[in-house]
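Raw protein_30.csv, CSV, C-alpha atoms:
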chain,number,residue,atom,x,y,z
A,1,MET,CA,0.0,0.0,0.0
A,2,LYS,CA,1.5,3.3,-1.2
A,3,VAL,CA,0.6,6.5,0.7
A,4,LEU,CA,1.1,10.2,-0.2
A,5,ILE,CA,1.0,12.6,2.8
A,6,SER,CA,0.4,16.2,1.7
A,7,THR,CA,1.3,18.6,4.6
A,8,ASP,CA,0.3,22.2,4.9
A,9,ILE,CA,1.0,24.5,7.9
A,10,GLU,CA,-2.1,26.6,8.7
A,11,GLY,CA,-4.0,23.6,10.1
A,12,ILE,CA,-1.2,22.4,12.3
A,13,ALA,CA,-1.9,22.4,16.1
A,14,GLY,CA,-0.6,25.6,17.7
A,15,VAL,CA,-0.6,27.7,14.5
A,16,PHE,CA,-2.9,30.8,14.5
A,17,HIS,CA,-1.1,33.8,13.0
A,18,ALA,CA,0.3,34.5,9.6
A,19,GLU,CA,3.7,35.3,11.1
A,20,GLN,CA,4.0,31.6,12.0
A,21,THR,CA,3.6,30.6,8.3
A,22,ARG,CA,6.3,33.0,6.9
A,23,ALA,CA,10.0,32.3,6.9
A,24,GLY,CA,12.4,34.6,8.6
A,25,ASN,CA,11.3,34.6,12.2
A,26,GLY,CA,11.4,32.5,15.3
A,27,GLU,CA,7.7,31.8,15.4
A,28,TYR,CA,7.9,30.3,11.9
A,29,GLU,CA,10.9,28.1,12.9
A,30,ALA,CA,8.7,26.6,15.8
A,31,ALA,CA,5.7,26.1,13.5
A,32,ARG,CA,7.7,24.3,10.8
A,33,ARG,CA,9.0,22.0,13.4
A,34,TRP,CA,5.5,21.2,14.6
A,35,MET,CA,4.5,20.7,11.0
A,36,THR,CA,7.4,18.3,10.5
A,37,LEU,CA,6.6,16.3,13.6
A,38,GLU,CA,2.9,16.0,12.7
A,39,ALA,CA,4.0,14.7,9.2
A,40,ASN,CA,6.3,12.3,11.0
A,41,ALA,CA,3.4,11.0,13.2
A,42,ALA,CA,1.4,10.3,10.0
A,43,ILE,CA,4.4,8.6,8.4
A,44,GLU,CA,4.9,6.4,11.5
A,45,GLY,CA,1.2,5.5,11.7
A,46,ALA,CA,1.0,4.7,8.0
A,47,PHE,CA,3.9,2.2,8.2
A,48,ALA,CA,2.5,0.7,11.4
A,49,GLY,CA,-0.8,0.1,9.5
A,50,GLY,CA,0.9,-1.7,6.7
A,51,ALA,CA,2.1,0.9,4.2
A,52,THR,CA,4.9,-0.2,1.9
A,53,ASP,CA,6.0,3.2,0.6
A,54,VAL,CA,5.3,6.7,1.9
A,55,TRP,CA,6.0,10.0,0.2
A,56,VAL,CA,5.6,13.3,2.1
A,57,ASN,CA,4.8,16.4,0.1
A,58,ASP,CA,5.7,19.8,1.5
A,59,SER,CA,2.6,21.7,0.5
A,60,HIS,CA,3.0,25.2,2.1
A,61,GLY,CA,4.3,28.4,0.4
A,62,GLY,CA,7.6,27.8,-1.3
A,63,PHE,CA,7.3,24.0,-0.5
A,64,ARG,CA,10.5,24.2,1.5
A,65,ASN,CA,9.3,24.0,5.1
A,66,LEU,CA,9.7,20.4,6.3
A,67,LEU,CA,12.9,19.5,8.1
A,68,PRO,CA,13.9,16.2,6.4
A,69,ASP,CA,16.4,15.2,9.1
A,70,LEU,CA,13.6,15.0,11.6
A,71,LEU,CA,11.4,12.7,9.5
A,72,ASP,CA,11.1,8.9,9.6
A,73,PRO,CA,13.9,7.8,7.3
A,74,ARG,CA,11.6,5.3,5.6
A,75,ALA,CA,9.7,8.1,3.9
A,76,GLN,CA,10.7,10.1,0.9
A,77,VAL,CA,10.2,13.9,0.9
A,78,VAL,CA,8.9,16.0,-2.1
A,79,LEU,CA,10.3,19.5,-1.8
A,80,GLY,CA,10.6,22.7,-3.9
A,81,LYS,CA,8.6,24.4,-6.7
A,82,PRO,CA,7.5,24.7,-9.4
A,83,ARG,CA,6.1,21.2,-9.9
A,84,THR,CA,3.3,20.0,-12.1
A,85,LEU,CA,1.0,18.5,-9.4
A,86,GLY,CA,1.6,21.1,-6.7
A,87,MET,CA,0.3,19.9,-3.4
A,88,MET,CA,-0.3,16.4,-4.8
A,89,ALA,CA,3.2,15.9,-6.3
A,90,GLY,CA,4.0,12.2,-5.5
A,91,LEU,CA,0.8,10.9,-7.0
A,92,GLU,CA,2.7,10.0,-10.1
A,93,TYR,CA,4.5,7.2,-8.1
A,94,GLY,CA,1.3,5.3,-7.7
A,95,ALA,CA,0.0,6.2,-4.3
A,96,ALA,CA,-3.3,4.5,-3.4
A,97,LEU,CA,-4.1,6.6,-0.3
A,98,VAL,CA,-3.7,10.3,0.3
A,99,PHE,CA,-3.5,12.0,3.7
A,100,MET,CA,-4.0,15.8,3.9
A,101,ILE,CA,-2.3,17.0,7.1
A,102,GLY,CA,-2.5,20.5,8.5
A,103,TYR,CA,-5.0,21.7,5.9
A,104,HIS,CA,-7.3,24.8,6.4
A,105,ALA,CA,-10.7,26.1,5.5
A,106,LYS,CA,-11.5,27.8,2.2
A,107,ALA,CA,-11.3,31.5,1.5
A,108,GLN,CA,-13.9,33.9,3.0
A,109,THR,CA,-14.8,31.6,5.9
A,110,ARG,CA,-14.1,31.8,9.7
A,111,GLY,CA,-11.5,29.1,9.7
A,112,ILE,CA,-8.1,29.8,11.1
A,113,LEU,CA,-5.9,31.4,8.4
A,114,ALA,CA,-8.5,30.4,5.8
A,115,HIS,CA,-7.7,30.9,2.1
A,116,THR,CA,-7.7,29.0,-1.1
A,117,ILE,CA,-4.3,28.5,-2.8
A,118,ASN,CA,-3.3,32.2,-2.8
A,119,SER,CA,-4.8,34.6,-0.2
A,120,PHE,CA,-3.6,37.6,-2.1
A,121,ALA,CA,-5.2,36.6,-5.4
A,122,PHE,CA,-8.2,34.2,-5.0
A,123,ALA,CA,-11.4,34.8,-3.1
A,124,ARG,CA,-13.4,31.8,-4.5
A,125,VAL,CA,-12.7,28.8,-6.6
A,126,ALA,CA,-15.5,26.6,-8.0
A,127,PHE,CA,-15.3,23.4,-10.1
A,128,ASN,CA,-18.4,22.7,-12.2
A,129,GLY,CA,-20.4,25.0,-10.0
A,130,VAL,CA,-19.2,23.7,-6.6
A,131,GLU,CA,-17.1,26.0,-4.5
A,132,LEU,CA,-14.0,24.2,-3.2
A,133,GLY,CA,-11.1,24.8,-0.8
A,134,GLU,CA,-7.6,23.4,-1.4
A,135,ALA,CA,-8.7,20.0,-0.1
A,136,GLY,CA,-11.5,19.9,-2.7
A,137,VAL,CA,-9.3,21.1,-5.5
A,138,TYR,CA,-6.5,18.8,-4.8
A,139,GLY,CA,-8.8,15.9,-3.8
A,140,ALA,CA,-10.2,16.1,-7.4
A,141,LEU,CA,-6.7,15.7,-8.7
A,142,ALA,CA,-6.0,12.8,-6.4
A,143,GLU,CA,-9.1,11.0,-7.5
A,144,GLU,CA,-8.2,11.5,-11.1
A,145,TYR,CA,-5.0,9.7,-10.4
A,146,GLY,CA,-7.0,6.8,-8.8
A,147,ALA,CA,-6.0,7.7,-5.2
A,148,ARG,CA,-8.4,7.9,-2.3
A,149,VAL,CA,-8.3,10.8,0.2
A,150,ALA,CA,-8.5,8.8,3.4
A,151,LEU,CA,-7.2,11.0,6.3
A,152,LEU,CA,-7.4,14.7,6.8
A,153,SER,CA,-6.5,17.1,9.7
A,154,GLY,CA,-7.2,20.7,10.4
A,155,ASP,CA,-9.4,23.0,12.4
A,156,ASP,CA,-13.1,22.4,13.0
A,157,VAL,CA,-14.3,24.7,10.2
A,158,PHE,CA,-12.1,22.8,7.7
A,159,ALA,CA,-13.5,19.5,8.9
A,160,GLU,CA,-17.1,20.6,8.8
A,161,GLU,CA,-16.9,22.1,5.3
A,162,THR,CA,-14.8,19.2,3.8
A,163,ALA,CA,-16.4,16.1,5.3
A,164,PRO,CA,-19.2,16.0,2.8
A,165,ARG,CA,-16.7,16.0,-0.1
A,166,PHE,CA,-14.9,12.8,1.2
A,167,PRO,CA,-17.5,10.4,2.7
A,168,GLY,CA,-15.8,7.7,4.7
A,169,ALA,CA,-12.6,9.6,5.2
A,170,ARG,CA,-11.2,10.0,8.7
A,171,PHE,CA,-10.8,13.6,10.1
A,172,VAL,CA,-8.7,14.6,13.1
A,173,VAL,CA,-9.5,18.1,14.4
A,174,THR,CA,-6.4,20.0,15.5
A,175,LYS,CA,-8.1,23.1,16.9
A,176,THR,CA,-11.4,25.0,17.2
A,177,ALA,CA,-11.6,28.3,15.5
A,178,THR,CA,-13.1,31.3,17.3
A,179,GLY,CA,-11.9,33.7,14.5
A,180,GLN,CA,-9.6,34.0,11.6
A,181,ALA,CA,-6.5,34.2,13.9
A,182,SER,CA,-7.8,32.8,17.2
A,183,GLY,CA,-9.1,29.6,18.7
A,184,VAL,CA,-8.4,26.7,21.1
A,185,THR,CA,-5.7,24.2,20.1
A,186,ARG,CA,-4.7,20.7,21.1
A,187,SER,CA,-1.2,20.4,22.2
A,188,PRO,CA,1.4,19.4,19.6
A,189,ALA,CA,2.2,16.2,21.5
A,190,SER,CA,-1.5,15.2,21.8
A,191,MET,CA,-2.0,15.9,18.1
A,192,ARG,CA,0.9,13.7,17.1
A,193,GLU,CA,-0.5,10.8,19.2
A,194,ALA,CA,-3.9,11.2,17.5
A,195,LEU,CA,-2.5,11.4,14.0
A,196,LEU,CA,-0.3,8.3,14.5
A,197,ALA,CA,-3.3,6.3,15.7
A,198,ALA,CA,-5.6,7.6,12.9
A,199,ALA,CA,-3.0,6.9,10.2
A,200,ARG,CA,-2.3,3.4,11.5
A,201,ASP,CA,-6.0,2.6,11.6
A,202,VAL,CA,-6.9,4.0,8.2
A,203,VAL,CA,-4.1,2.2,6.4
A,204,ARG,CA,-4.8,-1.1,8.3
A,205,GLN,CA,-8.5,-0.9,7.3
A,206,HIS,CA,-7.6,-0.5,3.6
A,207,VAL,CA,-5.0,-3.2,3.7
A,208,GLU,CA,-7.4,-5.6,5.4
A,209,ALA,CA,-10.1,-4.7,2.9
A,210,GLY,CA,-7.8,-5.9,0.1
A,211,ARG,CA,-7.8,-2.7,-1.8
A,212,ALA,CA,-5.1,-2.3,-4.5
A,213,PRO,CA,-1.7,-1.4,-3.2
A,214,THR,CA,-1.2,1.1,-6.0
A,215,ALA,CA,-3.7,3.4,-7.8
A,216,THR,CA,-5.2,3.0,-11.2
A,217,ARG,CA,-5.8,6.3,-13.0
A,218,ALA,CA,-9.4,7.3,-13.8
A,219,GLU,CA,-10.6,8.7,-17.0
A,220,PRO,CA,-10.2,12.5,-16.8
A,221,ARG,CA,-13.4,14.7,-16.9
A,222,SER,CA,-13.6,18.2,-18.0
A,223,ILE,CA,-13.7,21.0,-15.5
A,224,ASP,CA,-15.4,24.4,-15.8
A,225,CYS,CA,-13.7,26.6,-13.3
A,226,GLU,CA,-15.1,29.9,-12.0
A,227,LEU,CA,-12.6,32.0,-10.2
A,228,ARG,CA,-13.3,35.1,-8.2
A,229,VAL,CA,-10.2,37.2,-7.6
A,230,GLN,CA,-9.5,39.8,-4.9
A,231,THR,CA,-9.3,42.9,-7.1
A,232,SER,CA,-10.2,44.1,-10.6
A,233,GLY,CA,-6.5,44.6,-11.2
A,234,LEU,CA,-5.9,40.9,-10.8
A,235,ALA,CA,-8.7,40.2,-13.2
A,236,ASP,CA,-7.1,42.6,-15.7
A,237,LEU,CA,-3.8,40.7,-15.3
A,238,PHE,CA,-5.2,37.2,-15.5
A,239,CYS,CA,-7.3,38.0,-18.6
A,240,GLN,CA,-4.2,38.5,-20.6
A,241,TRP,CA,-4.3,34.7,-20.8
A,242,PRO,CA,-6.4,34.2,-24.0
A,243,THR,CA,-8.4,31.2,-22.7
A,244,LEU,CA,-9.9,33.1,-19.8
A,245,THR,CA,-13.3,34.7,-20.0
A,246,ARG,CA,-14.2,37.7,-17.8
A,247,VAL,CA,-17.7,37.5,-16.3
A,248,ASP,CA,-17.6,40.7,-14.3
A,249,GLY,CA,-15.0,43.0,-12.6
A,250,VAL,CA,-13.6,40.2,-10.4
A,251,THR,CA,-15.0,36.9,-11.8
A,252,LEU,CA,-13.3,34.8,-14.5
A,253,ARG,CA,-14.0,31.5,-16.1
A,254,PHE,CA,-12.0,28.9,-17.9
A,255,SER,CA,-12.4,25.3,-19.1
A,256,ALA,CA,-9.9,22.6,-18.5
A,257,ALA,CA,-9.7,19.1,-19.9
A,258,SER,CA,-9.0,17.5,-16.5
A,259,ALA,CA,-8.6,18.3,-12.8
A,260,GLU,CA,-4.8,18.3,-13.4
A,261,HIS,CA,-5.1,20.9,-16.1
A,262,ALA,CA,-7.3,23.0,-13.8
A,263,VAL,CA,-4.8,22.8,-11.0
A,264,ARG,CA,-2.0,23.8,-13.3
A,265,MET,CA,-3.9,26.8,-14.6
A,266,LEU,CA,-4.7,28.0,-11.1
A,267,ASN,CA,-1.1,27.6,-10.0
A,268,CYS,CA,0.1,29.6,-13.1
A,269,LEU,CA,-2.4,32.4,-12.3
A,270,SER,CA,-1.2,32.3,-8.6
A,271,ALA,CA,2.4,32.8,-9.8
A,272,MET,CA,1.4,35.6,-12.2
A,273,SER,CA,-0.2,37.5,-9.3
A,274,PHE,CA,3.2,38.2,-7.7
A,275,MET,CA,3.8,41.0,-10.2
A,276,LEU,CA,1.1,43.0,-8.5
A,277,ARG,CA,2.2,42.6,-5.0

Any chance you could give the structure as structure tokens?
Amino acid sequence: MKVLISTDIEGIAGVFHAEQTRAGNGEYEAARRWMTLEANAAIEGAFAGGATDVWVNDSHGGFRNLLPDLLDPRAQVVLGKPRTLGMMAGLEYGAALVFMIGYHAKAQTRGILAHTINSFAFARVAFNGVELGEAGVYGALAEEYGARVALLSGDDVFAEETAPRFPGARFVVTKTATGQASGVTRSPASMREALLAAARDVVRQHVEAGRAPTATRAEPRSIDCELRVQTSGLADLFCQWPTLTRVDGVTLRFSAASAEHAVRMLNCLSAMSFMLR
């Protein structure tokens, strides 16, 4: 059983403020260590449950946050950008199960540090009329590669909005949001214990059920993406791309042949937005 663990930072226990997510300060150094140790707990649990191979994808910011020397040496680490599959890089190695660790709620919600892909640029992302956060967007990509999203962790707002998208998946709540930058958190040590146990149980259940140890890619389906951006200036910029259609001052649409192509387009637009910062 091959497992891909995609690890973000905003949903990690103890993380509440944007300063903790940005390199160059002591608070970030503490948060990236908590992120690494939560990933490590998921790795350990996956192997204890019967995983044969585990990849850990660093899925925050510049994708260079995890501390590889602290991770279980049995796992392989996916670092750096740009990369075609973004937060799901590693799927190409045949992962059957995906864990989303430290994820957060979608943009414009009360979740802690909530956003979708790029907080500066994107206010709303919808695939075929359904608004999605990062878990939904990248979950569609995982499913296209034949993988099952089996375990997720993040705050209570994230869990509530995401659970209907992945019926049967296991959720571990790291903290309870009382605002965009406030709430009540589990301790990092308690969170690691919970993740280890959940990862072990999830993998064991799938192994005992006799599911395929590697994924089989599904037939891609087309995606109509509606994107609401934060300012009309961003819409001006993005509509330089000939395949985008402008709906109004801040709303754009484009069609993609697959979830992978939709993700790649969104990541290209996110990169373009840096010229207006």

*Name all residues at most 7 Å from A:Thr21 (count all atoms listed in the file; drop same-chain ones fewer than 5 positions away) and give them as an MDAnalysis selection string.*
chainID A and resid 9:10 28

Please build the interface table for stretch 40-148 of chain A against stretch 164-182 of chain A with a cut-off of 12 Å, listing for each qualifying residue the nearest atom pair and the distance in Å to one decimal; count all atoms listed in the file, order rows by chain and increasing number, and write it as JSON lines.
{"residue": "A:Ala42", "atom": "CA", "partner": "A:Val172", "partner_atom": "CA", "distance": 11.4}
{"residue": "A:Leu97", "atom": "CA", "partner": "A:Ala169", "partner_atom": "CA", "distance": 10.6}
{"residue": "A:Val98", "atom": "CA", "partner": "A:Ala169", "partner_atom": "CA", "distance": 10.2}
{"residue": "A:Phe99", "atom": "CA", "partner": "A:Arg170", "partner_atom": "CA", "distance": 9.4}
{"residue": "A:Met100", "atom": "CA", "partner": "A:Phe171", "partner_atom": "CA", "distance": 9.5}
{"residue": "A:Ile101", "atom": "CA", "partner": "A:Val172", "partner_atom": "CA", "distance": 9.1}
{"residue": "A:Gly102", "atom": "CA", "partner": "A:Thr174", "partner_atom": "CA", "distance": 8.0}
{"residue": "A:Tyr103", "atom": "CA", "partner": "A:Thr174", "partner_atom": "CA", "distance": 9.8}
{"residue": "A:His104", "atom": "CA", "partner": "A:Thr174", "partner_atom": "CA", "distance": 10.3}
{"residue": "A:Ala105", "atom": "CA", "partner": "A:Gln180", "partner_atom": "CA", "distance": 10.0}
{"residue": "A:Lys106", "atom": "CA", "partner": "A:Gln180", "partner_atom": "CA", "distance": 11.4}
{"residue": "A:Ala107", "atom": "CA", "partner": "A:Gln180", "partner_atom": "CA", "distance": 10.5}
{"residue": "A:Gln108", "atom": "CA", "partner": "A:Gln180", "partner_atom": "CA", "distance": 9.6}
{"residue": "A:Thr109", "atom": "CA", "partner": "A:Gln180", "partner_atom": "CA", "distance": 8.1}
{"residue": "A:Arg110", "atom": "CA", "partner": "A:Gln180", "partner_atom": "CA", "distance": 5.4}
{"residue": "A:Gly111", "atom": "CA", "partner": "A:Gln180", "partner_atom": "CA", "distance": 5.6}
{"residue": "A:Ile112", "atom": "CA", "partner": "A:Gln180", "partner_atom": "CA", "distance": 4.5}
{"residue": "A:Leu113", "atom": "CA", "partner": "A:Gln180", "partner_atom": "CA", "distance": 5.5}
{"residue": "A:Ala114", "atom": "CA", "partner": "A:Gln180", "partner_atom": "CA", "distance": 6.9}
{"residue": "A:His115", "atom": "CA", "partner": "A:Gln180", "partner_atom": "CA", "distance": 10.2}
{"residue": "A:Val130", "atom": "CA", "partner": "A:Arg165", "partner_atom": "CA", "distance": 10.4}
{"residue": "A:Glu131", "atom": "CA", "partner": "A:Arg165", "partner_atom": "CA", "distance": 10.9}
{"residue": "A:Leu132", "atom": "CA", "partner": "A:Arg165", "partner_atom": "CA", "distance": 9.2}
{"residue": "A:Gly133", "atom": "CA", "partner": "A:Arg165", "partner_atom": "CA", "distance": 10.5}
{"residue": "A:Glu134", "atom": "CA", "partner": "A:Arg165", "partner_atom": "CA", "distance": 11.8}
{"residue": "A:Ala135", "atom": "CA", "partner": "A:Arg165", "partner_atom": "CA", "distance": 8.9}
{"residue": "A:Gly136", "atom": "CA", "partner": "A:Arg165", "partner_atom": "CA", "distance": 7.0}
{"residue": "A:Val137", "atom": "CA", "partner": "A:Arg165", "partner_atom": "CA", "distance": 10.5}
{"residue": "A:Tyr138", "atom": "CA", "partner": "A:Arg165", "partner_atom": "CA", "distance": 11.6}
{"residue": "A:Gly139", "atom": "CA", "partner": "A:Phe166", "partner_atom": "CA", "distance": 8.5}
{"residue": "A:Ala140", "atom": "CA", "partner": "A:Arg165", "partner_atom": "CA", "distance": 9.8}
{"residue": "A:Ala142", "atom": "CA", "partner": "A:Phe166", "partner_atom": "CA", "distance": 11.7}
{"residue": "A:Glu143", "atom": "CA", "partner": "A:Phe166", "partner_atom": "CA", "distance": 10.6}
{"residue": "A:Arg148", "atom": "CA", "partner": "A:Ala169", "partner_atom": "CA", "distance": 8.8}

*What's the 8 Å shell around stretch 52-67 of chain A, counting only C-alpha atoms, without same-chain residues fewer than 3 positions away, as a ChimeraX atom specification?*
/A:1-9,32-33,35-36,39,43,46-47,70-71,74-81,86-90

*Of the residues A:Ala212, A:Ala150, A:Ala271, A:Leu276, which is the one nearest to A:Asp236, using all atoms listed in the file?*
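The closest residue to A:Asp236 is A:Leu276.
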
*Looking at A:Arg211, A:Ala23, A:Ala41, A:Ala126, which one is nearest to A:Cys225, with distances taken over all atoms listed in the file?*
A:Ala126

*Find the residues near A:Ile223: any atom within 12 Å, counting only C-alpha atoms, skip ones fewer than 3 places away on the same chain, and give them as a list in words.*
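What passes the distance filter is Val125, Ala126, Phe127, Asn128, Gly129, Val130, Val137, Ala140, Leu141, Glu144, Pro220, Glu226, Arg253, Phe254, Ser255, Ala256, Ala257, Ser258, Ala259, Glu260, His261, Ala262, Val263 and Met265 of chain A.
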
_Among listed residues A:Arg277, A:Arg217, A:Arg186, A:Arg246, nearest A:Val15 (using all atoms listed in the file)_ =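 Checking each of A:Arg277, A:Arg217, A:Arg186, A:Arg246 against A:Val15, counting all atoms listed in the file, the winner is A:Arg186.
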
*Between A:Leu37, A:Thr214, A:Arg228, A:Phe16, which one has atoms that come closest to A:Glu193, using all atoms listed in the file?*
A:Leu37

*Atomic separation - atom CA of A:His206 relative to atom CA of A:Ser187, Å*: 28.7 Å

*asked:* Report, in Å with one decimal, the straight-line distance from atom CA of A:Asn267 to atom CA of A:Ala199.
replied: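 Those two atoms sit 29.0 Å apart.
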
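You can rank A:Ala215, A:Ala48, A:Leu269, A:Leu227 by their closest distance to A:Ala197 using only C-alpha atoms, and at the top of that list sits A:Ala48.
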
_atom CA of A:Glu44 to atom CA of A:Pro188, distance in Å rounded to a single decimal_ =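 These two atoms are separated by 15.7 Å.
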
*asked:* Calculated over all atoms listed in the file, which of the candidates A:Ala13, A:Ala121, A:Ala159, A:Val207 has the smallest distance to A:Gly233?
replied: A:Ala121
